[in-house]
Every structure is written in structure tokens, then in C-alpha cells.
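Structure first, then comments.
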Amino acid sequence: MTQEIDVSLVQITKKFGDLVAVNNVSFDIPKGKFFSVLGPSGSGKTTVLRMIAGFETPTAGDIYIGGERVNDVPPNKRRCNMVFQRLALFPMMNILDNVTFGLRRRGGINKAEMERMAEDALARVGLKGLGKRRINQISGGQQQRVALARSLVLDPTVLLLDEPLGSLDLKLRQAMKLELKHLQARMGTTFVYITHDQTIALAMSDTIAVINLGKIEQIASPEELYRRPATHFVASFVGENNKLMAGRVTRMLDDHICEADFGGLPMIGRAGDKLKPGDTVDLFIRPEMILLRPGKHENAILGKISEINFDGSHSLIIVDLLESSRPLALNVKLQHTEEAPEVAVGDVVSLSWRWDAANAFHPVDQSHIEKEA
Amino acid sequence: MWTRIKRNKGLWALLIPMLLWIGVLFVLPHVKLFILSFMDRRSGAFTLSNYATFFNKSLYTKVFIRTVIFSIITTSLTLAISFPTAFIITKVLGQKFKALVLMAIVLPYWISELIQAFTWMVLFRETGVINYILQLLGITDHGIEFLYHNSTIAIGLIYTSLLFMIIPIMNSLDTLDDSLIEASYDLGGDFWSTMREIIIPHAGPGIMVGSIMVFMLNLGNYVTVTLLGGKNSLWFTEAIYNQFIVRFNQNQGAAFGVILLTFSVIFVWIVLKITKQDLTEAM
């Protein structure tokens, strides 16, 4: 089955002077999907969004919206609307006038019809009857919804969101996150969401494009991205990970399963890059995939608990590995289920994990990459 | 900390120099002016005749109306020139050019208004720079008198008050978040609708402050108007000057002064009401 493509970027490059902000980026966004662009600040993700919106012109490459090439179409003629990072609501108007702003520009609709459409849009985001209020009379979360309604009332082919949840406090952000996802599912509008916050991207998206230094690192579903990161950057950026540095590949069990030596300890993991025996690798192991008991899994080692950090539903346990020739420690996330073992600092424990909980990559120069929490 | 400062009575003493300044140099003279305007020139008895003169002699009312309308026109022209300038400086130019253009606008105000007016005279008079160039180019073979026209007065007034319009508008445009302009375009707005619905409403208080200041400056201008307008200027301040200095009729001059002041205050109040601007917000 072929899917209808709403937004398509073909080999897009954007340079600001000598700086290459976006480097040969291509992706297709199928109709009705929630697509996120995830990357650290300065990765070029905002530039990508601004090019789709029409505020920046690509230096090279083509952008298609709804099958039409829009490189030369100004922002006010594109069938996409944007929810701005700082919302950019118009403080000189009340809520209703904010929402009807786009309709008034479009013309051909009478006033009563416009107001009915705006009331509809406001009702859809849960702000029924607040139309007469001014922007500074409503809360941050409500402003968020007005910004959504203002764009959605125009029934855009694509809704672009520039990290609009970033300014909200944690609780509200969690609530809005779900609400946004439900709204998208209900309306079937294609959403393109820009964020540096991976928890938002993972929770909401159908597909995530991870971007770093202007280049696409991986485009995949959240689960794929989490379980099978394609690059060293994705493995270190998405989710929490134990990172063991500079091991040496001893043998390949398979094209994509390798065994590497870390301080005398053999560890088996998925080969994220094309590896061969003798290569230096970094290994990423998910803390929640490590079991605190002897198991039949490919990896099994002994460690001593040096620290336990209680965090409600789980504890983060730091375990020093006993059998390695250099000091190595692993973070283990222990869910507080009924079967969870009782542990205390100083206990010697068996650790085990499956091969595919670990991903091995060639080390890269990481000096310029800061992992954002 | 702050409440302690607020409770400290001594701190209010810092306001005394300013209160003295306003009291001695502004309030007292105006009270005196007000009293003088109701006094008979010879006997000093209470009379309304000074005001009656204004309303009975059509010359004075005509000059007054001319001054007001002329000031409204020049204020509007100043606004028409200043708004695009302020917009370009704040929203279009880069930091470097911004400073340069701003400097070019501010520099002429380091010279006194009197010298500015003389400069215009050097340019405009029959044997002036413009005439010299026109004759050199063969456009005209005799000197043309550019001075003493309404348009010359307008040019002078606009020039002397430009800065007082540009600066407040720039201040208000500076606080306009660029993303509001982008949002307007994103929602389908074009240049004019963005101007009308977003930029001008946001700059409203700045436009108001600038317009009030410029209107007052024009209304009360004397130097530029008399030098560039000569006998044709027919400016109300000239009538006041004549009463005080030429005819030694302080009481008549005072009445004219009170009329001008009262009118300006009422006019500004009405304009603020009509444009739904708040004076405290505008300032």
C-alpha cells in the first residue's frame, strides 16, 4: 500500500554564510502522521521547520507540501501553519480575534460563520466560551491551546510545532503531551513537531527523525529508535544508557552480533556499525534491561552494589564490576515490582542481560556533542 | 528591603528639587498668567474683555485655527515620515547600520533650533544654495524666493520635531516580538494586514506619545515659524509675543496663553479618548 505523502524534503541544504545549518536532509512525512524532529540545540531542527513554513529558503534541494513544490511559495500562501515556540499570540486582540485572524485573511467567509468556526476550534481544544478574554488573562496552558486553535481552525495540510510545550511546567507538559497526541489522532492532521526533549518525541510520535549537526542520523519509529539506534549519536542521545568506552571487538558471532572485550570482560551486543574483529567500540547498555539476578542471557557478570538511588517507581543502582581489569560500573534500573530482589549497598550481585539490550558502535569524536537531559 | 526604603520618609526628600523646579518655574508662572488674563490692563479689575477680544476679532481666531490645523498637518506628515523610518531602523537594519542611521538622525539636534532655522534660510533664500544650483543647472534664470511660504514653514517644523516622533515609535517597535510578524504571515497575512492588525496597534502608545509631543512642539513653536515664515507665518505664538513685547499688553497676552494651553490639554484628552489610548500607558 502506498501512502499519501504530505511533506517531502528532497536533499535540503541550508547555509548561513559559511555555516552549514542543514546538510542534505531528505524525508517524507505520510499523511496524518505525527512526525517529530529530535535533536540537541543547534542541530538545525528549527531551521528545517522554518524552511517548511517558508521563513527560510533552502540553499539547495526541494520542499513539497501536498505534492506541490513550495520553494518559491511565500509563507502566507502555504497550506501549513505553525505553532511558535513562544506561541506568538497577538496580545492586542482577544482570544476569538486571535483565532479568526487567519480566517479573516482568507476572506470569503461571513463574520458569523467565522466566529462559529473559531468557537468550534476553541471547543475542540477545551476552551469553550473563553473567546472574549484577553491573552494575558489566561494561563500558560490555555495560551498553548489558543495557539493550537488559531492554527487548526485553518484546517492546514500540515501543522508545524516548534517545541511549544517547552515553556510549561512538568505536570502541565505531561498533560498537554497526551492531549496533543489525542487531538492529532482525532483530527488526522499531519503534525511536524520539533523538540530537543526525547521523552516528548518518544511518547507522541509515529516517526522520529533524529538530527545532529544538520544531518539526519536516523528516521524510525520511537521503539525502533530506542531499541535499535542506528548511530553512536542516537544511542547516546535517546534514552538513558550505560556507555562503556573503547572496548575491542574479539569476534563476530554474526553480521550484526559482536563480542567485545572491556577490561577482560567479554560482552555480547548488537553491532550498530559494520564491525570486524580488532575494531575499537563503545558499548551502550540500557539500564532497565539489566537484570539483578543470574540469568540464561548472553551476558552474565558479577558486581558489587556501591550506591542505591531511590526514585519512586524504581531505584537506580550503581554496580561496580568485580571481574574487570579496569574500573567499570553499570547503572541498573530496578523496577519496584513484587518480584524485585531486595538489595543493599555492598551486596555482591549477578547481573545479566540479553545481547540485544546492548549496542556497539565505532567511537566518534564526541567533544562537540553534549547530551541534553 | 523595598518596603523599608518606601517607609523611609527621608527618601521622599529626593523629590524636593524636582517639585521646587516644577512649582517655581511651571506652576507659579501659570497661576500668575491665569490671574493676569482676567485683569483689566489699566485698572487691574476683574474683566473678561481679554477673552472677548480673542473671540470678537476674527484675525485672532483665524490665526489660532490656522495654527492648530497647520500643526495637525505637520504632525501627521512627521508621523508619515517617522513611522517607516523607525520601522526600518528597528526591524530591518542590522546592528551596525542601525547605530549609523540613528546617529545621522540624532546629530542635527546637537545644533540649536535657531541655527537650524538659519541653515534652512541659507538654503532657501533668493540668493541661497538651492537657487544657486538651480541657476547653475539652467532650470531658472532668476532667483526664486522659497522662504516665507507655508511649505517652508512645514519643512522647518517637520525637521525640528522628527526626532521626538522617531524615538518613541522606535521604543515601542523594539518591544514587538518578531515572531508576531511571522505568525501573522504564517496565518495568511500580507504586508498591509500585518501592519494594520499587528504592528500599528502594538506601536500605538509610541505613536501617541510622539504625536502629542510633536503637536505641542509645533503649536508652541516660535523661532522656526517666524524665521522661515516671516510676516506670512501668522502663528498664534507670534500673536502672544506681540502682545507681551510689542504692545506691552501683558493681560491680553496672558489670555492668549491661557487659551492656547487650555485648548492643547483638551485637544490631547479628546484624541486620547477617540483612539482609546491611556495616557499612563502611552507615556
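Following the order of the C-alpha cells, first chain is A, next is B, and so on, with residues numbered from 1 inside each chain and ligands from 1 in the order they appear.
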Contact residues (chain A, partner chain B, 9 Å, only C-alpha atoms) as a PyMOL selection string
chain A and resi 53-55+74-78+80-84+86-93+101-106+150-151+154
Find the residues near Tyr222 (chain B): any atom within 12 Å, counting only C-alpha atoms, skip ones fewer than 2 places away on the same chain, and give them as a PyMOL selection string.
chain B and resi 67+113-114+117+153+156-157+160+216-220+224-230+233-242
Written selection (N, CA and C atoms) as a tab-separated table (two decimals), in the first residue's frame:
```tsv
chain	number	residue	atom	x	y	z
B	67	THR	N	-3.16	77.96	13.11
B	67	THR	CA	-2.05	77.35	13.84
B	67	THR	C	-2.38	75.90	14.19
B	113	GLU	N	17.94	75.07	17.67
B	113	GLU	CA	16.86	75.25	16.71
B	113	GLU	C	17.06	76.53	15.90
B	114	LEU	N	17.62	77.53	16.58
B	114	LEU	CA	17.86	78.81	15.91
B	114	LEU	C	18.82	78.63	14.74
B	117	ALA	N	17.28	76.83	11.91
B	117	ALA	CA	16.42	77.69	11.10
B	117	ALA	C	17.25	78.56	10.15
B	153	ILE	N	7.58	76.66	6.06
B	153	ILE	CA	7.31	76.52	7.50
B	153	ILE	C	7.14	75.04	7.83
B	156	GLY	N	10.45	73.20	7.94
B	156	GLY	CA	11.18	73.54	9.15
B	156	GLY	C	10.60	72.85	10.38
B	157	LEU	N	9.27	72.87	10.50
B	157	LEU	CA	8.62	72.27	11.67
B	157	LEU	C	8.84	70.76	11.70
B	160	THR	N	12.47	70.00	12.72
B	160	THR	CA	12.84	70.20	14.12
B	160	THR	C	12.17	69.19	15.06
B	216	MET	N	2.47	69.43	20.30
B	216	MET	CA	2.72	70.50	21.27
B	216	MET	C	3.89	71.37	20.83
B	217	LEU	N	4.96	70.72	20.37
B	217	LEU	CA	6.14	71.47	19.92
B	217	LEU	C	5.78	72.39	18.76
B	218	ASN	N	4.97	71.88	17.82
B	218	ASN	CA	4.58	72.68	16.66
B	218	ASN	C	3.69	73.85	17.07
B	219	LEU	N	2.72	73.52	17.89
B	219	LEU	CA	1.76	74.53	18.34
B	219	LEU	C	2.48	75.68	19.03
B	220	GLY	N	3.46	75.34	19.84
B	220	GLY	CA	4.14	76.36	20.63
B	220	GLY	C	5.42	76.87	19.99
B	224	THR	N	11.38	78.77	14.61
B	224	THR	CA	11.35	78.23	13.25
B	224	THR	C	10.27	78.91	12.42
B	225	VAL	N	9.11	79.06	13.04
B	225	VAL	CA	7.97	79.61	12.31
B	225	VAL	C	8.22	81.06	11.88
B	226	THR	N	8.72	81.89	12.80
B	226	THR	CA	8.91	83.30	12.43
B	226	THR	C	10.07	83.48	11.46
B	227	LEU	N	11.14	82.71	11.63
B	227	LEU	CA	12.29	82.87	10.74
B	227	LEU	C	11.99	82.37	9.34
B	228	LEU	N	11.33	81.23	9.23
B	228	LEU	CA	11.07	80.67	7.90
B	228	LEU	C	9.79	81.22	7.30
B	229	GLY	N	8.85	81.67	8.15
B	229	GLY	CA	7.57	82.13	7.64
B	229	GLY	C	7.49	83.64	7.50
B	230	GLY	N	8.36	84.34	8.22
B	230	GLY	CA	8.34	85.79	8.14
B	230	GLY	C	6.98	86.36	8.52
B	233	SER	N	3.78	84.05	8.42
B	233	SER	CA	3.65	82.85	9.25
B	233	SER	C	2.31	82.80	9.97
B	234	LEU	N	1.82	83.97	10.46
B	234	LEU	CA	0.52	84.04	11.14
B	234	LEU	C	0.36	82.91	12.15
B	235	TRP	N	1.35	82.79	13.02
B	235	TRP	CA	1.33	81.72	14.02
B	235	TRP	C	0.82	82.29	15.33
B	236	PHE	N	0.09	81.54	16.11
B	236	PHE	CA	-0.54	82.09	17.30
B	236	PHE	C	0.48	82.55	18.34
B	237	THR	N	1.61	81.86	18.41
B	237	THR	CA	2.66	82.27	19.37
B	237	THR	C	3.15	83.67	19.05
B	238	GLU	N	3.12	84.01	17.78
B	238	GLU	CA	3.54	85.34	17.36
B	238	GLU	C	2.58	86.40	17.92
B	239	ALA	N	1.30	86.06	17.93
B	239	ALA	CA	0.31	86.98	18.49
B	239	ALA	C	0.56	87.19	19.97
B	240	ILE	N	0.91	86.13	20.67
B	240	ILE	CA	1.22	86.24	22.10
B	240	ILE	C	2.45	87.13	22.29
B	241	TYR	N	3.47	86.85	21.48
B	241	TYR	CA	4.72	87.61	21.55
B	241	TYR	C	4.44	89.10	21.34
B	242	ASN	N	3.63	89.37	20.32
B	242	ASN	CA	3.32	90.77	20.01
B	242	ASN	C	2.64	91.48	21.16
```
Run DSSP on the backbone and give me the residues of region 69-236 of chain A it puts in alpha helix (DSSP H), as a ChimeraX atom specification.
/A:95-106,111-124,140-152,170-187,198-204,222-227,232-236
Check the smallest atom-to-atom distance from each of A:Leu159, A:Ala300, A:Asp255, A:Arg116 to Ile194 (chain A) using only C-alpha atoms, then report the winner.
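For Ile194 (chain A), the nearest of the candidates is A:Leu159.
Among the candidate residues A:Leu213, A:Met117, A:Val73, A:Leu178, the one lying nearest to Thr46 (chain A) is A:Leu213, with distances computed using only C-alpha atoms.
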Distance criterion (only C-alpha atoms): nearest to Gln277 (chain B) out of B:Ala45, B:Met170, B:Ile212, B:Val223:
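Closest candidate: B:Ile212.
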Residues at most 9 Å from Phe83 (chain B), counting only C-alpha atoms, excluding those fewer than 3 positions away in the same chain, as a CSV table (one decimal) with C-alpha atoms, in the first residue's frame?
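The result, written out as out-v4.csv:
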```
chain,number,residue,atom,x,y,z
B,78,THR,CA,6.1,64.0,10.7
B,79,LEU,CA,4.3,60.7,11.6
B,80,ALA,CA,4.2,59.6,8.0
B,86,ALA,CA,11.5,53.8,12.9
B,87,PHE,CA,10.3,50.6,11.4
B,88,ILE,CA,13.3,50.2,9.1
B,165,MET,CA,8.4,61.2,16.8
B,166,ILE,CA,11.0,58.6,15.8
B,169,ILE,CA,7.9,54.9,17.9
B,170,MET,CA,11.3,53.1,17.9
B,207,ILE,CA,2.7,56.8,18.0
```
Enumerate, as a PyMOL selection string, the complete set of residues in region 191-346 of chain A that a backbone-based DSSP assignment places in strand (DSSP E).
chain A and resi 191-195+207-212+215-220+242-252+257-262+265-271+280-285+299-311+314-321+329-335
Test item: residues at most 8 Å from Thr127 (chain B), only C-alpha atoms, excluding those fewer than 4 positions along its chain, as a ChimeraX atom specification
/B:131-132,143
